[in-house]
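Student: The structure file run17.txt (compact mmCIF, C-alpha atoms) is provided below.
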```
# COMPACT_ATOMS: atom_id res chain seq x y z
CA MET A 1 8.44 75.08 194.16
CA LYS A 2 6.30 76.61 191.41
CA PRO A 3 7.92 75.95 188.03
CA VAL A 4 9.11 78.84 185.88
CA ALA A 5 6.47 79.72 183.29
CA SER A 6 7.66 83.10 182.00
CA VAL A 7 11.12 84.42 181.11
CA ALA A 8 12.75 87.73 180.17
CA LEU A 9 16.10 87.84 178.40
CA ILE A 10 18.27 90.93 178.78
CA GLY A 11 20.93 90.78 176.07
CA LEU A 12 20.30 88.93 172.82
CA GLY A 13 23.80 88.22 171.56
CA GLU A 14 24.93 84.68 170.84
CA VAL A 15 24.03 83.35 174.30
CA GLY A 16 20.71 85.17 174.60
CA ARG A 17 19.48 84.06 171.19
CA ILE A 18 20.37 80.42 171.85
CA LEU A 19 18.62 80.48 175.22
CA ALA A 20 15.51 82.07 173.72
CA ALA A 21 15.21 79.28 171.15
CA ASP A 22 15.85 76.52 173.69
CA LEU A 23 13.43 77.93 176.26
CA ALA A 24 10.73 78.07 173.60
CA LYS A 25 11.45 74.43 172.73
CA ALA A 26 11.14 73.58 176.42
CA GLY A 27 7.58 74.87 176.36
CA ILE A 28 7.93 78.43 177.68
CA ALA A 29 5.37 80.43 175.72
CA ASP A 30 5.74 83.72 177.60
CA ILE A 31 9.20 85.06 176.65
CA SER A 32 10.18 88.69 176.26
CA GLY A 33 13.52 90.26 175.47
CA TYR A 34 15.49 93.47 175.27
CA ASP A 35 18.88 94.40 173.85
CA ILE A 36 20.41 97.86 173.68
CA LEU A 37 21.18 97.14 170.01
CA PHE A 38 17.46 97.18 169.23
CA ALA A 39 18.11 100.89 168.66
CA ASP A 40 19.95 99.85 165.49
CA PRO A 41 17.54 98.13 163.06
CA GLN A 42 20.50 96.55 161.23
CA SER A 43 22.02 94.93 164.32
CA ALA A 44 21.99 91.16 164.77
CA PRO A 45 19.53 91.27 167.72
CA SER A 46 17.16 93.52 165.74
CA ARG A 47 17.24 91.33 162.63
CA ALA A 48 17.04 87.97 164.41
CA ALA A 49 13.79 86.03 164.19
CA LEU A 50 13.29 85.05 167.82
CA PRO A 51 10.46 83.28 169.67
CA LEU A 52 9.87 86.21 172.00
CA ARG A 53 8.27 89.62 172.30
CA LYS A 54 10.85 92.32 171.61
CA CYS A 55 10.50 95.19 174.07
CA THR A 56 11.54 98.82 173.95
CA SER A 57 13.21 98.80 177.37
CA ALA A 58 14.67 96.38 179.89
CA GLY A 59 12.03 97.38 182.42
CA GLU A 60 9.23 96.55 180.01
CA ALA A 61 10.78 93.16 179.25
CA VAL A 62 11.01 91.97 182.85
CA GLY A 63 7.60 93.10 184.07
CA GLY A 64 5.68 90.15 185.51
CA LYS A 65 8.29 87.54 184.54
CA ALA A 66 9.24 84.72 186.90
CA LEU A 67 12.80 84.48 185.58
CA VAL A 68 15.07 87.21 184.23
CA ILE A 69 18.28 86.10 182.50
CA SER A 70 21.03 88.68 182.11
CA ALA A 71 23.32 87.76 179.19
CA VAL A 72 25.02 91.04 178.35
CA THR A 73 28.69 91.90 177.91
CA ALA A 74 30.86 92.10 181.02
CA ALA A 75 31.05 95.90 180.88
CA SER A 76 27.24 96.12 180.91
CA ASP A 77 26.61 93.73 183.81
CA MET A 78 25.76 96.36 186.41
CA ASP A 79 23.92 98.53 183.89
CA ALA A 80 21.57 95.61 183.16
CA ALA A 81 20.91 95.01 186.86
CA VAL A 82 20.20 98.71 187.46
CA ALA A 83 17.88 98.85 184.44
CA VAL A 84 15.58 96.11 185.75
CA ALA A 85 15.87 96.32 189.54
CA ASN A 86 12.77 98.44 190.11
CA ALA A 87 10.65 96.59 187.55
CA LEU A 88 11.15 93.01 188.78
CA ALA A 89 8.11 91.00 189.81
CA PRO A 90 8.14 90.11 193.53
CA GLY A 91 10.26 86.99 194.01
CA ALA A 92 11.51 86.87 190.42
CA PHE A 93 14.78 85.06 189.88
CA PHE A 94 17.57 87.12 188.33
CA LEU A 95 20.07 84.74 186.72
CA ASP A 96 23.33 86.61 186.05
CA LEU A 97 25.32 84.74 183.38
CA ASN A 98 27.83 87.51 182.77
CA SER A 99 31.58 86.98 183.03
CA VAL A 100 32.55 89.44 185.75
CA SER A 101 34.58 89.47 188.96
CA PRO A 102 33.28 88.09 192.28
CA ASN A 103 33.05 91.60 193.72
CA GLN A 104 30.99 92.76 190.74
CA LYS A 105 28.58 89.83 191.20
CA SER A 106 28.23 90.69 194.88
CA ARG A 107 27.37 94.31 194.06
CA ALA A 108 24.74 93.22 191.55
CA ALA A 109 23.34 90.73 194.08
CA ALA A 110 23.00 93.42 196.74
CA LEU A 111 21.05 95.60 194.31
CA ILE A 112 18.67 92.89 193.09
CA ASN A 113 18.10 91.30 196.50
CA GLY A 114 17.56 94.75 197.98
CA LYS A 115 14.59 95.21 195.70
CA SER A 116 12.07 92.42 195.09
CA GLY A 117 14.23 89.93 193.19
CA ARG A 118 16.21 86.80 193.98
CA TYR A 119 19.73 87.05 192.56
CA VAL A 120 21.37 83.84 191.35
CA GLU A 121 25.05 83.99 190.43
CA ALA A 122 25.95 81.84 187.42
CA ALA A 123 29.22 81.00 185.70
CA VAL A 124 29.01 79.43 182.25
CA MET A 125 31.93 77.00 182.16
CA ALA A 126 32.18 76.16 178.45
CA PRO A 127 31.31 77.70 175.06
CA ILE A 128 27.53 77.93 174.61
CA SER A 129 27.76 75.72 171.51
CA PRO A 130 27.20 72.84 170.99
CA LYS A 131 25.39 72.03 174.26
CA ARG A 132 23.36 75.25 174.24
CA ILE A 133 21.14 75.57 177.33
CA ALA A 134 22.72 72.37 178.68
CA THR A 135 26.18 73.98 178.79
CA PRO A 136 27.63 73.37 182.28
CA MET A 137 27.03 76.18 184.77
CA LEU A 138 28.09 76.80 188.35
CA LEU A 139 25.58 78.58 190.57
CA GLY A 140 26.01 80.54 193.77
CA GLY A 141 24.00 82.38 196.39
CA PRO A 142 21.15 81.66 198.80
CA HIS A 143 18.55 81.44 196.01
CA ALA A 144 20.47 79.07 193.72
CA ALA A 145 18.88 75.83 194.96
CA ASP A 146 15.37 77.28 194.67
CA PHE A 147 16.15 78.41 191.14
CA LEU A 148 17.26 74.90 190.14
CA ALA A 149 14.06 73.43 191.54
CA ALA A 150 11.90 75.97 189.69
CA ALA A 151 13.84 75.58 186.42
CA ASP A 152 13.98 71.79 186.56
CA ARG A 153 12.27 71.21 183.18
CA LEU A 154 14.00 73.95 181.20
CA GLY A 155 17.13 72.00 180.30
CA PHE A 156 19.79 73.80 182.32
CA CYS A 157 22.84 71.73 183.30
CA ALA A 158 23.85 73.44 186.52
CA HIS A 159 24.79 72.70 190.08
CA VAL A 160 25.14 74.83 193.18
CA LEU A 161 28.79 75.45 194.00
CA SER A 162 28.16 77.65 197.03
CA THR A 163 25.36 79.30 198.97
CA ASP A 164 27.60 82.38 199.13
CA TYR A 165 28.24 84.71 196.23
CA GLY A 166 31.62 84.89 194.52
CA ARG A 167 32.95 81.35 194.20
CA PRO A 168 31.33 80.54 190.81
CA SER A 169 32.63 83.74 189.21
CA ALA A 170 36.05 83.26 190.82
CA THR A 171 36.17 79.82 189.22
CA LYS A 172 35.17 81.22 185.83
CA MET A 173 37.59 84.16 185.97
CA CYS A 174 40.57 82.04 186.98
CA ARG A 175 39.70 79.61 184.19
CA SER A 176 39.53 82.54 181.75
CA VAL A 177 43.09 83.54 182.58
CA ILE A 178 44.11 80.18 181.08
CA ILE A 179 41.61 79.81 178.21
CA LYS A 180 41.61 83.38 176.91
CA GLY A 181 45.32 83.57 177.67
CA LEU A 182 45.90 80.52 175.48
CA GLU A 183 43.99 82.24 172.67
CA ALA A 184 46.24 85.28 173.01
CA LEU A 185 49.41 83.16 173.17
CA LEU A 186 48.44 81.14 170.11
CA THR A 187 47.63 84.30 168.17
CA GLU A 188 50.94 85.93 168.96
CA SER A 189 52.98 82.77 168.48
CA MET A 190 51.35 81.72 165.20
CA LEU A 191 51.58 85.18 163.63
CA ALA A 192 55.30 85.32 164.33
CA ALA A 193 55.75 81.68 163.27
CA ARG A 194 53.90 82.32 159.99
CA HIS A 195 56.19 85.26 159.29
CA TYR A 196 59.18 82.93 159.60
CA GLY A 197 57.44 80.01 157.86
CA VAL A 198 57.63 77.70 160.88
CA GLU A 199 54.02 77.49 162.12
CA GLN A 200 53.67 73.76 161.38
CA PRO A 201 56.92 72.70 163.12
CA VAL A 202 55.91 74.80 166.14
CA LEU A 203 52.48 73.15 166.34
CA ALA A 204 53.96 69.69 165.83
CA SER A 205 56.39 70.26 168.68
CA LEU A 206 53.54 71.08 171.08
CA SER A 207 52.05 67.59 170.77
CA ASP A 208 54.93 66.07 172.74
CA LEU A 209 54.26 68.25 175.76
CA LEU A 210 50.52 68.85 175.43
CA PRO A 211 48.85 65.96 173.54
CA VAL A 212 45.50 67.63 172.85
CA GLY A 213 45.03 66.03 169.43
CA ASP A 214 44.97 68.23 166.34
CA TRP A 215 46.92 71.36 167.32
CA ASN A 216 46.44 72.87 163.86
CA ARG A 217 42.67 72.68 164.21
CA LEU A 218 42.75 73.89 167.83
CA ALA A 219 44.91 76.89 166.94
CA ALA A 220 42.60 77.86 164.07
CA TYR A 221 39.54 77.53 166.29
CA MET A 222 40.93 79.50 169.24
CA ILE A 223 42.41 82.29 167.13
CA SER A 224 39.23 82.67 165.07
CA ARG A 225 37.10 82.85 168.22
CA SER A 226 39.39 85.54 169.55
CA LEU A 227 39.02 87.57 166.35
CA GLU A 228 35.23 87.15 166.22
CA HIS A 229 34.62 87.93 169.90
CA GLY A 230 37.65 90.02 170.81
CA LYS A 231 35.68 92.94 172.26
CA ARG A 232 33.66 90.72 174.59
CA ARG A 233 36.74 88.70 175.53
CA ALA A 234 38.73 91.85 176.31
CA GLU A 235 35.98 93.00 178.67
CA GLU A 236 35.97 89.59 180.33
CA MET A 237 39.75 89.65 180.73
CA ARG A 238 39.61 93.06 182.36
CA GLU A 239 37.22 91.49 184.87
CA ALA A 240 39.65 88.57 185.25
CA ALA A 241 42.46 91.05 185.87
CA GLN A 242 40.32 92.70 188.56
CA THR A 243 39.68 89.28 190.11
CA VAL A 244 43.42 88.64 190.24
CA THR A 245 44.05 92.11 191.66
CA ASP A 246 41.42 91.59 194.36
CA ALA A 247 43.35 88.45 195.36
CA GLY A 248 46.43 90.63 195.99
CA ILE A 249 48.28 89.44 192.89
CA ALA A 250 49.58 91.63 190.09
CA PRO A 251 47.52 90.81 186.93
CA THR A 252 50.51 90.84 184.58
CA MET A 253 49.30 88.08 182.27
CA SER A 254 45.58 88.94 182.48
CA GLY A 255 46.23 92.57 181.56
CA ALA A 256 48.36 91.59 178.58
CA CYS A 257 45.70 89.15 177.43
CA ALA A 258 43.04 91.90 177.57
CA ALA A 259 45.24 94.07 175.36
CA ARG A 260 45.76 91.25 172.83
CA GLN A 261 42.01 90.49 172.76
CA ASP A 262 41.28 94.18 172.16
CA TRP A 263 43.72 94.07 169.25
CA ALA A 264 42.08 90.89 167.90
CA ALA A 265 38.70 92.63 167.72
CA GLY A 266 40.09 94.87 165.01
CA HIS A 267 40.77 91.87 162.77
CA ALA A 268 37.39 90.12 162.94
CA GLY A 269 37.13 89.95 159.15
CA ALA A 270 40.18 87.68 158.99
CA ALA A 271 38.54 84.82 160.93
CA ASN A 272 38.84 81.58 158.99
CA LYS A 273 38.80 77.84 159.71
CA GLU A 274 42.01 77.48 157.70
CA LEU A 275 44.88 78.59 159.91
CA GLU A 276 47.33 79.72 157.21
CA LYS A 277 44.74 81.78 155.35
CA MET A 278 43.69 83.47 158.57
CA LEU A 279 47.26 84.28 159.60
CA ASP A 280 48.08 85.62 156.15
CA ALA A 281 45.00 87.87 156.20
CA ILE A 282 45.99 89.31 159.59
CA LEU A 283 49.61 89.85 158.54
CA ALA A 284 48.48 91.59 155.34
CA ALA A 285 46.19 93.98 157.21
CA PRO A 286 47.46 97.47 158.04
CA GLY A 287 48.47 97.97 161.64
```
Rewrite the structure from the file as structure tokens, please.
Tutor:
Amino acid sequence: MKPVASVALIGLGEVGRILAADLAKAGIADISGYDILFADPQSAPSRAALPLRKCTSAGEAVGGKALVISAVTAASDMDAAVAVANALAPGAFFLDLNSVSPNQKSRAAALINGKSGRYVEAAVMAPISPKRIATPMLLGGPHAADFLAAADRLGFCAHVLSTDYGRPSATKMCRSVIIKGLEALLTESMLAARHYGVEQPVLASLSDLLPVGDWNRLAAYMISRSLEHGKRRAEEMREAAQTVTDAGIAPTMSGACAARQDWAAGHAGAANKELEKMLDAILAAPG
């Protein structure tokens, strides 16, 4: 299998920017990228100093590249696939990292494989920091094994879960119901507990049932991540809710979590490593 020597990144948010830097460190000299926020010169993707050629369109970015990595928000998953489908180099791998439902992945796969690309489903199973490109991933689809062979020296930490599409994203979405749901639960619980002045007794009581270590630190971390990335998390939870619905189960908890994450996005400025300060800032905010 010929090793990957050129890469295009579609989406240069937190994940895309980290991958660009790590791919450059791995020796990939031919990297291009596109983000819809390039239209705003003050956006984070526009202002970031990245080891790649910034392009004016997704189609321009992927032309001639051996590997295309889609790292956009969940709501833009299909838009990204449509934008590049006709511009892919013959046989190019399309690695879809986006947090969407199994059915959405299958639709994107049909589009890419129906053109000249090789669609590889991916589910990123942990926060991108601190392991960066070595963050654990589950892969799916008939081209996943070939992708791993071609990307052997790039630093990915991935294994093939299935030669069929859907199982990696189902794993990720069902996990998200718990992880993003815990963020929403902690936010709601701690805000009410802070109002009554009982946040520390509540957290202390959790250690008996769930001995995860420092609950104060965990609560601050999970709530702050929810505030900072609420919009993206809400989109992901709507995909999780769709995944649950497609399984014939009412998405009662997933839908509520999406609503809480949407709400959290409006309080991004309150994010803080100190739990009490963060809760007080949220409680003091209008609405």
Student: For Met125 in chain A, which residue out of A:Arg175, A:Arg17, A:Arg232, A:Arg260 is the nearest one, using only C-alpha atoms?
Tutor: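 Of all the options, A:Arg175 lies closest to Met125 in chain A.
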Student: Please provide the set of residues having any atom within 9 Å of Ile69 in chain A, restricted to only C-alpha atoms, with same-chain residues fewer than 4 positions apart removed, written as a list in words.
Tutor: Val7, Ala8, Leu9, Ile10, Gly11, Gly16, Phe93, Phe94, Leu95, Asp96 and Leu97 of chain A
Student: Using Å and a single decimal, report how far CA of Leu12 in chain A sits from CA of Leu37 in chain A.
Tutor: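 Those two atoms sit 8.7 Å apart.
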Student: What is the distance, in Å and to one decimal place, between CA of Gln42 in chain A and CA of Val124 in chain A?
Tutor: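 Computed distance, CA of Gln42 in chain A to CA of Val124 in chain A, equals 28.4 Å.
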Student: I'd like the interatomic distance between CA of Ser46 in chain A and CA of Met222 in chain A, to a tenth of an Å.
Tutor: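 Interatomic distance, CA of Ser46 in chain A to CA of Met222 in chain A: 27.8 Å.
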Student: Go through A:Asp146, A:Glu239, A:Asp262, A:Asp280 one by one, measure the shortest atom-to-atom distance of each to Ala74 in chain A using only C-alpha atoms, and give the residue with the smallest value.
Tutor: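 Counting only C-alpha atoms, the residue closest to Ala74 in chain A is A:Glu239.
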Student: Which residue, A:Ala219, A:Ala234, A:Ala5, A:Met253, has the smallest gap to Ala265 in chain A when you use all atoms listed in the file?
Tutor: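 Checking each candidate against Ala265 in chain A, we get A:Ala234 as the closest.
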Student: Could you check which residues have any atom within 9 Å of (8.9, 92.7, 182.3), counting all atoms listed in the file with coordinates taken straight from the file, and then list them as a list in words?
Tutor: Val7, Ala8, Ser32, Gly33, Cys55, Ser57, Ala58, Gly59, Glu60, Ala61, Val62, Gly63, Gly64, Lys65, Val68, Val84, Ala87, Leu88 and Ala89 of chain A
Student: Give me, as a tab-separated table, each residue of range 36-124 of chain A that comes within 8 Å of range 156-166 of chain A, together with its shortest interatomic pair and the distance in Å at one decimal, counting all atoms listed in the file, with rows ordered by chain and rising residue number.
Tutor:
```
residue	atom	partner	partner_atom	distance
A:Ser101	CA	A:Gly166	CA	7.8
A:Pro102	CA	A:Gly166	CA	4.2
A:Asn103	CA	A:Gly166	CA	6.9
A:Lys105	CA	A:Gly166	CA	6.7
A:Ser106	CA	A:Tyr165	CA	6.1
A:Glu121	CA	A:Tyr165	CA	6.7
```
Student: Using only C-alpha atoms, which of the listed residues (A:Lys25, A:His143, A:Arg107, A:Arg47) sits closest to Gly13 in chain A?
Tutor: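 Among the listed residues, the smallest separation from Gly13 in chain A belongs to A:Arg47.
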Student: Measuring atom to atom with all atoms listed in the file, identify which of A:Ala29, A:Lys54, A:Ala66, A:Pro45 is nearest to Lys2 in chain A.
Tutor: A:Ala66
Student: With distances taken over all atoms listed in the file, which of A:Gly230, A:Gly197, A:Gly269, A:Pro130 is nearest to Ala184 in chain A?
Tutor: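 Of the candidates, the smallest distance to Ala184 in chain A is held by A:Gly230.
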Student: Would you list the residues near (51.8, 81.3, 167.3), meaning any protein, DNA or RNA residue with an atom at most 12 Å from that point in file coordinates, counting only C-alpha atoms, as number ranges by chain?
Tutor: A: 182-204, 206, 215-216, 218-220, 222-223, 275-276, 279
Student: Quick one: residues within 9 Å of Ile112 in chain A, all atoms listed in the file counted, chain neighbours fewer than 2 positions away excluded, as a ChimeraX atom specification?
Tutor: /A:81-82,84-86,88,94,107-110,114-119
